[in-house]
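As stored in protein.txt (compact mmCIF, C-alpha atoms):
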# COMPACT_ATOMS: atom_id res chain seq x y z
CA MET B 1 25.94 107.49 -10.44
CA SER B 2 24.20 105.25 -13.02
CA PRO B 3 20.45 104.49 -12.62
CA PRO B 4 21.01 100.82 -11.53
CA LYS B 5 23.58 101.90 -8.93
CA LEU B 6 21.30 104.72 -7.78
CA LEU B 7 18.44 102.25 -7.36
CA ASN B 8 20.65 99.82 -5.43
CA HIS B 9 21.84 102.65 -3.18
CA PHE B 10 18.24 103.69 -2.54
CA ILE B 11 17.11 100.14 -1.72
CA SER B 12 20.15 99.53 0.52
CA ARG B 13 19.05 102.46 2.73
CA LEU B 14 15.66 100.82 3.32
CA GLY B 15 14.98 98.28 6.04
CA PRO B 16 12.75 98.67 9.11
CA GLY B 17 10.69 101.28 7.25
CA LEU B 18 9.57 98.60 4.81
CA LEU B 19 8.84 96.22 7.68
CA TYR B 20 6.70 99.01 9.12
CA ALA B 21 4.92 99.32 5.76
CA GLY B 22 4.51 95.56 5.52
CA ALA B 23 2.81 95.45 8.93
CA ALA B 24 0.73 98.59 8.35
CA VAL B 25 -0.58 97.83 4.87
CA GLY B 26 -3.10 95.09 5.51
CA VAL B 27 -6.64 95.04 6.86
CA SER B 28 -6.66 98.85 7.14
CA HIS B 29 -5.88 99.14 3.44
CA LEU B 30 -7.26 96.09 1.67
CA VAL B 31 -10.50 95.86 3.68
CA GLN B 32 -11.20 99.23 5.27
CA SER B 33 -9.79 101.56 2.60
CA THR B 34 -11.51 99.56 -0.14
CA GLN B 35 -14.78 99.69 1.79
CA ALA B 36 -14.34 103.43 2.40
CA GLY B 37 -14.05 103.98 -1.34
CA GLY B 38 -16.91 101.61 -2.09
CA MET B 39 -19.23 103.30 0.41
CA PHE B 40 -18.35 106.99 0.01
CA GLY B 41 -16.36 107.34 -3.19
CA LEU B 42 -13.43 109.72 -2.93
CA GLU B 43 -14.67 111.64 0.12
CA LEU B 44 -12.50 109.93 2.75
CA ILE B 45 -9.18 110.56 0.99
CA ILE B 46 -8.86 113.68 3.14
CA ALA B 47 -9.41 111.54 6.27
CA ILE B 48 -6.43 109.35 5.25
CA ILE B 49 -4.21 112.40 4.87
CA ILE B 50 -5.32 113.96 8.19
CA ILE B 51 -4.85 110.78 10.26
CA HIS B 52 -1.37 110.29 8.80
CA LEU B 53 -0.48 113.85 9.83
CA ILE B 54 -1.89 113.35 13.33
CA LYS B 55 -0.05 110.09 13.97
CA TYR B 56 3.21 110.97 12.20
CA PRO B 57 5.24 112.15 15.24
CA PHE B 58 4.33 109.13 17.37
CA PHE B 59 5.41 106.66 14.69
CA GLU B 60 8.56 108.63 13.91
CA PHE B 61 9.66 108.54 17.55
CA GLY B 62 10.32 104.77 17.36
CA PRO B 63 13.18 104.88 14.83
CA ARG B 64 14.29 108.30 16.14
CA TYR B 65 14.88 106.91 19.63
CA THR B 66 16.87 103.94 18.31
CA ALA B 67 19.01 106.07 16.01
CA ALA B 68 19.76 108.49 18.88
CA THR B 69 20.48 105.96 21.64
CA GLY B 70 21.17 102.61 19.96
CA GLN B 71 18.36 101.08 22.06
CA HIS B 72 14.71 100.42 21.25
CA ILE B 73 12.09 102.78 22.62
CA LEU B 74 10.99 100.35 25.35
CA HIS B 75 14.19 101.40 27.14
CA GLY B 76 12.74 104.90 27.10
CA TYR B 77 9.51 103.53 28.58
CA LEU B 78 11.53 101.85 31.34
CA LYS B 79 13.11 105.17 32.32
CA LEU B 80 9.57 106.44 32.99
CA GLY B 81 9.02 103.51 35.34
CA LYS B 82 8.24 99.81 35.08
CA TRP B 83 4.54 100.69 35.01
CA ALA B 84 5.02 101.97 31.42
CA ILE B 85 6.41 98.61 30.29
CA TRP B 86 3.61 96.78 32.10
CA LEU B 87 1.03 98.99 30.41
CA TYR B 88 2.51 98.32 27.00
CA LEU B 89 2.72 94.59 27.74
CA LEU B 90 -0.92 94.52 28.87
CA LEU B 91 -2.08 96.30 25.72
CA SER B 92 -0.04 93.93 23.52
CA ILE B 93 -1.25 90.72 25.13
CA SER B 94 -4.89 91.94 25.15
CA THR B 95 -4.84 92.59 21.39
CA MET B 96 -2.37 90.14 19.86
CA PHE B 97 -4.69 87.16 19.36
CA ILE B 98 -7.61 89.09 17.90
CA VAL B 99 -5.34 91.25 15.70
CA GLN B 100 -3.47 88.23 14.33
CA ALA B 101 -6.76 86.35 13.84
CA ALA B 102 -8.34 89.26 11.95
CA ILE B 103 -5.32 89.51 9.65
CA THR B 104 -5.04 85.75 9.14
CA VAL B 105 -8.72 85.25 8.31
CA VAL B 106 -8.57 87.91 5.59
CA THR B 107 -5.39 86.37 4.15
CA ALA B 108 -6.89 82.87 4.26
CA GLY B 109 -10.05 84.19 2.60
CA LEU B 110 -7.99 85.65 -0.22
CA ILE B 111 -6.08 82.41 -0.76
CA LYS B 112 -9.34 80.46 -0.76
CA SER B 113 -10.89 82.77 -3.35
CA ILE B 114 -7.84 83.22 -5.60
CA PHE B 115 -7.05 79.50 -5.86
CA GLY B 116 -10.69 78.39 -6.16
CA LEU B 117 -10.87 76.41 -2.92
CA GLU B 118 -14.49 77.36 -2.15
CA GLY B 119 -15.72 73.83 -2.86
CA PHE B 120 -13.63 72.25 -0.09
CA GLY B 121 -14.79 71.97 3.49
CA GLY B 122 -18.04 70.12 2.87
CA HIS B 123 -21.11 71.71 4.44
CA ASP B 124 -19.01 74.00 6.57
CA PRO B 125 -16.86 76.26 4.35
CA LYS B 126 -15.20 77.75 7.44
CA ILE B 127 -13.23 74.52 7.85
CA ILE B 128 -11.14 75.22 4.77
CA GLU B 129 -10.44 78.76 6.01
CA PHE B 130 -9.19 77.31 9.30
CA ILE B 131 -6.99 74.80 7.42
CA ILE B 132 -5.60 77.49 5.14
CA GLY B 133 -5.00 79.76 8.13
CA SER B 134 -3.14 76.95 9.92
CA ILE B 135 -0.91 76.25 6.91
CA LEU B 136 -0.30 79.98 6.46
CA LEU B 137 0.79 80.44 10.07
CA LEU B 138 2.99 77.33 9.91
CA PHE B 139 4.68 78.64 6.76
CA ALA B 140 5.22 82.05 8.40
CA LEU B 141 6.63 80.31 11.50
CA ILE B 142 9.18 78.43 9.40
CA LEU B 143 10.24 81.62 7.62
CA LEU B 144 10.65 83.57 10.84
CA VAL B 145 12.50 80.86 12.76
CA SER B 146 14.86 80.13 9.87
CA GLY B 147 15.72 83.68 8.90
CA HIS B 148 14.62 86.20 11.54
CA TYR B 149 15.49 89.78 10.64
CA LYS B 150 17.64 89.27 7.53
CA LEU B 151 15.10 87.07 5.76
CA LEU B 152 12.20 89.25 6.86
CA ASP B 153 14.00 92.33 5.54
CA LYS B 154 14.62 90.75 2.11
CA LEU B 155 11.10 89.36 1.79
CA MET B 156 9.54 92.69 2.64
CA LYS B 157 11.54 94.60 0.02
CA ILE B 158 10.25 92.22 -2.66
CA THR B 159 6.68 92.17 -1.32
CA ILE B 160 6.30 95.95 -1.00
CA LEU B 161 7.75 96.44 -4.50
CA VAL B 162 5.25 93.95 -5.99
CA LEU B 163 2.40 95.49 -4.01
CA THR B 164 3.19 99.05 -5.09
CA ILE B 165 3.59 98.22 -8.79
CA THR B 166 0.44 96.09 -8.97
CA SER B 167 -1.69 98.55 -6.99
CA VAL B 168 -0.66 101.53 -9.11
CA ALA B 169 -1.16 99.50 -12.31
CA ALA B 170 -4.66 98.47 -11.20
CA VAL B 171 -5.66 102.07 -10.42
CA ILE B 172 -4.32 103.38 -13.73
CA MET B 173 -6.11 100.65 -15.67
CA LEU B 174 -9.36 101.38 -13.87
CA LEU B 175 -9.06 105.11 -14.52
CA PHE B 176 -8.60 104.50 -18.25
CA ASP B 177 -11.15 101.68 -18.56
CA ASN B 178 -13.86 103.03 -16.29
CA PRO B 179 -13.63 106.84 -16.17
CA GLY B 180 -16.38 108.67 -14.33
CA HIS B 181 -17.87 105.51 -12.80
CA HIS B 182 -17.91 107.00 -9.30
CA LYS B 183 -19.86 110.04 -10.47
CA SER B 184 -23.04 108.02 -10.99
CA ALA B 185 -23.61 107.46 -7.25
CA THR B 186 -25.19 109.83 -4.76
CA ILE B 187 -24.15 108.38 -1.37
CA PHE B 188 -22.26 110.91 0.74
CA PHE B 189 -20.59 110.74 4.14
CA SER B 190 -22.63 112.47 6.87
CA PHE B 191 -21.40 113.47 10.34
CA SER B 192 -25.02 113.31 11.51
CA ASP B 193 -25.23 109.61 10.68
CA THR B 194 -24.04 107.47 13.63
CA ALA B 195 -23.29 104.48 11.39
CA HIS B 196 -21.05 106.67 9.21
CA LEU B 197 -19.21 108.02 12.26
CA ILE B 198 -18.64 104.52 13.66
CA PHE B 199 -17.26 103.39 10.31
CA LEU B 200 -14.96 106.43 10.18
CA ALA B 201 -13.66 105.77 13.69
CA THR B 202 -13.03 102.10 12.89
CA PHE B 203 -11.36 103.09 9.63
CA LEU B 204 -9.04 105.61 11.31
CA GLY B 205 -8.27 103.35 14.30
CA TRP B 206 -6.05 101.18 12.13
CA MET B 207 -4.99 103.85 9.64
CA PRO B 208 -2.15 103.62 8.87
CA ALA B 209 -1.67 101.18 11.77
CA PRO B 210 -2.06 100.81 15.56
CA LEU B 211 0.52 102.87 17.48
CA ASP B 212 2.09 99.63 18.76
CA LEU B 213 3.91 99.71 15.45
CA ALA B 214 6.19 102.52 16.64
CA VAL B 215 7.63 100.12 19.23
CA TRP B 216 7.89 97.31 16.67
CA HIS B 217 9.70 99.63 14.25
CA SER B 218 12.16 100.62 16.96
CA ILE B 219 12.88 96.96 17.79
CA TRP B 220 13.36 96.11 14.10
CA ALA B 221 15.74 99.07 13.79
CA LYS B 222 17.80 97.76 16.71
CA SER B 223 17.81 94.29 15.10
CA LYS B 224 19.09 95.82 11.87
CA ASN B 225 21.91 97.52 13.78
CA GLU B 226 22.86 94.22 15.41
CA SER B 227 22.63 92.39 12.10
CA SER B 228 24.79 94.92 10.23
CA GLY B 229 27.17 95.55 13.13
CA LYS B 230 26.80 99.33 12.93
CA LEU B 231 24.47 102.05 14.17
CA THR B 232 22.19 103.54 11.52
CA SER B 233 22.56 107.33 11.32
CA MET B 234 19.62 109.56 12.22
CA GLN B 235 19.43 110.78 8.63
CA ASP B 236 19.19 107.26 7.22
CA ALA B 237 16.77 106.10 9.93
CA LEU B 238 14.35 108.96 9.28
CA PHE B 239 14.70 108.60 5.50
CA ASP B 240 13.85 104.90 5.79
CA PHE B 241 10.87 105.64 8.05
CA ARG B 242 9.48 108.41 5.84
CA VAL B 243 9.64 106.24 2.72
CA GLY B 244 7.59 103.57 4.53
CA TYR B 245 5.20 106.06 6.11
CA ILE B 246 4.49 108.04 2.94
CA GLY B 247 4.21 104.73 1.11
CA THR B 248 1.45 103.52 3.44
CA ALA B 249 -0.52 106.74 2.85
CA PHE B 250 -0.07 106.40 -0.90
CA LEU B 251 -1.20 102.77 -0.90
CA ALA B 252 -4.20 103.57 1.31
CA ILE B 253 -5.32 106.12 -1.27
CA CYS B 254 -4.72 103.56 -4.04
CA PHE B 255 -6.98 101.00 -2.37
CA LEU B 256 -9.61 103.65 -1.67
CA LEU B 257 -9.53 104.57 -5.36
CA LEU B 258 -9.88 100.90 -6.30
CA GLY B 259 -12.95 100.62 -4.08
CA ALA B 260 -14.41 103.89 -5.38
CA LEU B 261 -13.87 103.08 -9.05
CA VAL B 262 -15.25 99.53 -8.81
CA MET B 263 -17.73 99.39 -5.93
CA TYR B 264 -19.10 102.89 -5.43
CA GLY B 265 -22.61 103.10 -6.83
CA SER B 266 -22.87 99.37 -7.49
CA ASN B 267 -25.47 98.86 -4.69
CA VAL B 268 -23.75 95.59 -3.73
CA PRO B 269 -23.55 95.11 0.09
CA PHE B 270 -20.22 94.16 1.62
CA ALA B 271 -19.88 90.59 2.87
CA ALA B 272 -19.01 90.03 6.53
CA GLY B 273 -16.88 86.88 6.13
CA GLY B 274 -13.21 86.98 5.16
CA ALA B 275 -13.48 84.62 2.19
CA ALA B 276 -16.79 86.10 1.06
CA PHE B 277 -15.40 89.63 1.10
CA ALA B 278 -12.21 88.56 -0.72
CA GLY B 279 -14.22 86.75 -3.39
CA GLN B 280 -16.61 89.67 -3.70
CA LEU B 281 -13.77 92.15 -4.11
CA LEU B 282 -11.90 90.12 -6.71
CA ASP B 283 -15.08 89.23 -8.65
CA MET B 284 -16.07 92.87 -8.91
CA TYR B 285 -12.66 93.70 -10.36
CA LYS B 286 -13.16 90.97 -12.93
CA GLN B 287 -16.60 92.30 -13.82
CA ALA B 288 -15.33 95.86 -14.17
CA LEU B 289 -12.11 95.14 -16.06
CA GLY B 290 -12.31 91.64 -17.43
CA GLU B 291 -10.32 88.47 -16.80
CA TRP B 292 -7.03 90.06 -17.90
CA ALA B 293 -6.91 92.35 -14.83
CA TYR B 294 -7.64 89.64 -12.27
CA PRO B 295 -4.01 88.47 -11.75
CA ILE B 296 -2.86 92.05 -11.06
CA VAL B 297 -5.45 92.67 -8.37
CA ALA B 298 -5.02 89.18 -6.91
CA ILE B 299 -1.23 89.54 -6.60
CA ALA B 300 -1.56 93.00 -5.05
CA ALA B 301 -4.14 91.85 -2.52
CA LEU B 302 -2.32 88.67 -1.56
CA ALA B 303 1.04 90.47 -1.28
CA THR B 304 -0.61 93.00 1.01
CA MET B 305 -2.08 90.49 3.41
CA PHE B 306 0.83 88.04 3.47
CA SER B 307 3.29 90.82 4.31
CA THR B 308 1.03 91.91 7.17
CA THR B 309 0.56 88.36 8.45
CA LEU B 310 4.31 87.75 8.47
CA THR B 311 5.44 91.03 10.02
CA VAL B 312 2.75 91.15 12.72
CA LEU B 313 3.47 87.53 13.64
CA ASP B 314 7.11 88.52 14.11
CA ALA B 315 6.39 91.79 15.91
CA PHE B 316 4.21 90.67 18.80
CA PRO B 317 6.54 87.98 20.21
CA ARG B 318 9.58 90.16 19.52
CA SER B 319 8.14 93.14 21.44
CA ILE B 320 6.80 90.99 24.28
CA SER B 321 10.20 89.30 24.65
CA ALA B 322 11.90 92.70 24.74
CA SER B 323 9.44 93.89 27.40
CA LEU B 324 10.00 90.84 29.61
CA GLU B 325 13.77 91.18 29.25
CA LEU B 326 13.54 94.73 30.63
CA LEU B 327 11.14 93.77 33.42
CA PHE B 328 13.12 90.71 34.54
CA PRO B 329 16.77 91.31 33.57
CA GLN B 330 17.97 88.85 36.22
CA LYS B 331 16.28 85.94 34.45
CA SER B 332 18.82 84.59 31.97
CA LEU B 333 16.12 82.54 30.19
CA LEU B 334 14.48 85.78 29.08
CA ASN B 335 17.63 87.06 27.40
CA ASN B 336 17.71 84.71 24.43
CA GLU B 337 15.75 83.53 21.43
CA LYS B 338 13.80 80.95 23.43
CA THR B 339 11.41 83.60 24.73
CA TYR B 340 10.74 84.82 21.20
CA LEU B 341 10.01 81.27 20.04
CA VAL B 342 7.75 80.56 23.03
CA TRP B 343 5.64 83.66 22.40
CA LEU B 344 5.62 82.94 18.68
CA LEU B 345 4.06 79.56 19.43
CA ILE B 346 1.66 81.11 21.97
CA ILE B 347 0.33 83.65 19.50
CA ILE B 348 -0.09 81.01 16.79
CA THR B 349 -1.94 78.71 19.20
CA GLY B 350 -4.21 81.53 20.40
CA THR B 351 -4.90 82.65 16.85
CA LEU B 352 -5.85 79.14 15.75
CA PHE B 353 -8.13 78.82 18.80
CA ILE B 354 -10.00 81.96 17.75
CA LEU B 355 -10.16 80.88 14.11
CA PHE B 356 -11.55 77.47 15.07
CA PHE B 357 -14.16 78.54 17.62
CA TYR B 358 -14.99 82.14 16.70
CA LEU B 359 -14.60 82.36 12.92
CA THR B 360 -18.04 83.90 12.36
CA SER B 361 -17.56 87.43 11.10
CA MET B 362 -14.50 89.18 9.75
CA ARG B 363 -16.21 92.52 10.30
CA GLU B 364 -16.75 91.87 14.02
CA MET B 365 -13.16 90.69 14.47
CA VAL B 366 -11.82 93.84 12.85
CA LYS B 367 -14.18 96.02 14.91
CA ILE B 368 -13.08 94.50 18.24
CA ALA B 369 -9.40 94.85 17.34
CA THR B 370 -9.79 98.44 16.17
CA VAL B 371 -11.74 99.45 19.29
CA VAL B 372 -8.87 98.34 21.53
CA SER B 373 -6.27 99.95 19.25
CA PHE B 374 -8.26 103.17 19.09
CA VAL B 375 -8.60 103.44 22.87
CA ALA B 376 -4.92 102.57 23.40
CA ALA B 377 -3.64 105.11 20.84
CA PRO B 378 -3.57 108.20 23.15
CA LEU B 379 -1.82 106.21 25.90
CA LEU B 380 0.91 104.95 23.58
CA ALA B 381 1.23 108.39 22.01
CA VAL B 382 1.97 109.95 25.41
CA LEU B 383 4.47 107.19 26.28
CA ASN B 384 6.35 107.78 23.02
CA MET B 385 6.37 111.52 23.67
CA GLN B 386 7.68 111.11 27.20
CA ALA B 387 10.46 108.80 26.00
CA VAL B 388 11.66 111.07 23.20
CA PHE B 389 11.29 114.43 24.97
CA SER B 390 13.01 113.17 28.13
CA LYS B 391 16.47 114.29 29.25
CA ASN B 392 17.77 110.83 28.41
CA MET B 393 17.60 111.72 24.70
CA PRO B 394 20.74 113.45 23.36
CA ASP B 395 20.01 117.16 22.94
CA GLN B 396 20.78 117.23 19.23
CA TYR B 397 18.20 114.51 18.52
CA ARG B 398 15.43 115.71 20.81
CA PRO B 399 12.54 117.22 18.78
CA GLY B 400 11.89 120.95 18.99
CA LYS B 401 8.97 122.98 20.29
CA LEU B 402 7.04 122.81 17.01
CA MET B 403 7.04 119.02 17.22
CA TRP B 404 5.98 119.25 20.87
CA ILE B 405 2.93 121.34 19.88
CA TRP B 406 2.23 118.95 16.99
CA CYS B 407 2.35 116.00 19.42
CA TRP B 408 -0.02 117.46 22.00
CA SER B 409 -2.44 118.47 19.24
CA GLY B 410 -2.33 114.86 18.08
CA VAL B 411 -2.91 113.52 21.61
CA VAL B 412 -5.95 115.78 22.02
CA ALA B 413 -7.30 114.68 18.62
CA LEU B 414 -6.75 110.97 19.33
CA SER B 415 -8.28 111.27 22.80
CA GLY B 416 -11.31 113.11 21.45
CA CYS B 417 -11.80 110.51 18.74
CA SER B 418 -11.49 107.63 21.24
CA ILE B 419 -14.03 109.15 23.65
CA THR B 420 -16.46 109.92 20.81
CA TYR B 421 -16.08 106.40 19.44
CA LEU B 422 -16.83 104.81 22.81
CA LEU B 423 -19.89 107.05 23.27
CA LEU B 424 -21.16 106.14 19.82
CA LEU B 425 -20.75 102.42 20.54
The structure in this file should be written as structure tokens.
Amino acid sequence: MSPPKLLNHFISRLGPGLLYAGAAVGVSHLVQSTQAGGMFGLELIIAIIIIHLIKYPFFEFGPRYTAATGQHILHGYLKLGKWAIWLYLLLSISTMFIVQAAITVVTAGLIKSIFGLEGFGGHDPKIIEFIIGSILLLFALILLVSGHYKLLDKLMKITILVLTITSVAAVIMLLFDNPGHHKSATIFFSFSDTAHLIFLATFLGWMPAPLDLAVWHSIWAKSKNESSGKLTSMQDALFDFRVGYIGTAFLAICFLLLGALVMYGSNVPFAAGGAAFAGQLLDMYKQALGEWAYPIVAIAALATMFSTTLTVLDAFPRSISASLELLFPQKSLLNNEKTYLVWLLIIITGTLFILFFYLTSMREMVKIATVVSFVAAPLLAVLNMQAVFSKNMPDQYRPGKLMWIWCWSGVVALSGCSITYLLLL
């Protein structure tokens, strides 16, 4: 097979895994990974690897369930009892506005900084961030309503490709242009420092993503099956997932390296506001590399956040609609696209409300969202386990004992981290 045909074959096997990557690679990477590198250099690379290993089974169970049964994993939740669906629905509704707002404010801040819109908004610069956020959400709404899965799938393949190329190029350029920069600093992570532990917990809460994403991935996989008219094989489903999952780990390390090579040892404090942080980040790249590198970093950053804004905006109403359809199957209104559109409009309205009245600190928004995600992680992990290890799963696709041990080790680790985090707060 020729290289072009091989590449086309490889890309054709990708779908929901890239949507997963598009949703995962966002605030956790651009903001938190960059800050981790800027604060502690290369030390937290090991934390990225460990948290990906801990969470791997729970994310994998989403596409695994769909490939095995043809249904999304919420059907597996339903077999445990309606309480499982209600729990998932409660967690989703309690986080969707703040999560979407946190993502949107960072994206709006980037747009404001990249296109030089800081002078607009008069005496209150937050006004322009609200306007940009509104336009951004409206644009995302139009894309989602007009194309749904097919358009989202195509956009994400392009976005993730651009993001990966630009991120790797930026790291390589920094390594050649600024070797040894990180060695000049003497700030180290300390487990005896409460502030360091809180940062680590917040960092890992969204790394690579909240566990809600396993459900979203499963729903996207089912949508792909419906769109293509055939059931994706287990081999292709897991290949697609692993490409996206390993890709998110790789990109997290890239952004940590960017932060370490540019910010570590600079003694510049991180800004709390979305636009301020975006401008600070991009300006420091310019100072370190020169004007020629600015477009690369800007494209990578904007691609990251737009992909997250778009996929998360699709995922919440899609998963809530699927939950309601299972809870109230007798209601015909809940079995069509109207429910998706209604919840899409609800989440946009709620997000704009938060942006207008509570746009004070990006850092606080991210902290609130990660606290809820961190506490919810063990609960969702157990639900995913119960769904996949149940007798409803075909025997040949049910994970083995090694995976069972891996899962319970992960649940214990996530529970311990959540309890410690709450005690520290």
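In this structure, CA of Val162 (chain B) sits 19.2 Å away from CA of Leu281 (chain B).
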Residues near region 403-416 of chain B, cut-off 10 Å, all atoms listed in the file, skip fewer than 2 positions along chain, as number ranges by chain:
B: 51, 53-58, 204-205, 374-382, 384-385, 389, 398-401, 418-421
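Taking all atoms listed in the file into account, Met305 (chain B) lies nearest to B:Leu30 out of the set B:Ala140, B:Val342, B:Leu30, B:Cys417.
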Nearest to Ile85 (chain B) among B:Met39, B:Leu256, B:Leu231, B:Ile73, with distances taken over only C-alpha atoms: which residue is it?
B:Ile73
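Each of B:Leu424, B:Leu19, B:Ile128, B:Met263 was checked against Trp216 (chain B) using all atoms listed in the file; the smallest atom-to-atom distance is that of B:Leu19.
Reported to one decimal place, the separation of CA of His29 (chain B) from CA of Gly244 (chain B) is 14.2 Å.
In this structure, CA of Gln235 (chain B) sits 25.2 Å away from CA of Lys79 (chain B).
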Shell around Ile49 (chain B) at 10 Å using only C-alpha atoms, local window under 3 positions removed, as a PyMOL selection string:
chain B and resi 44-46+52-54+207-208+246+249-250+252-253
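Candidate residues B:Leu175, B:Val215, B:Ala221, B:Leu91 were compared for distance to Ala237 (chain B), and the nearest is B:Ala221, using only C-alpha atoms.
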Smallest atom-to-atom distance to Val168 (chain B): which of B:Ala23, B:Ile48, B:Leu257, B:Leu345, using only C-alpha atoms?
B:Leu257
Would you list the contacts of Gly247 (chain B) as an NGL selection string, taking every protein, DNA or RNA residue within 9 Å and counting all atoms listed in the file, but skipping same-chain residues closer than 4 positions in sequence?
:B and (18 or 21 or 164 or 242-243 or 251-252)
Distance criterion (only C-alpha atoms): nearest to Gln71 (chain B) out of B:Ser390, B:Ser218, B:Lys230, B:Gly259:
B:Ser218
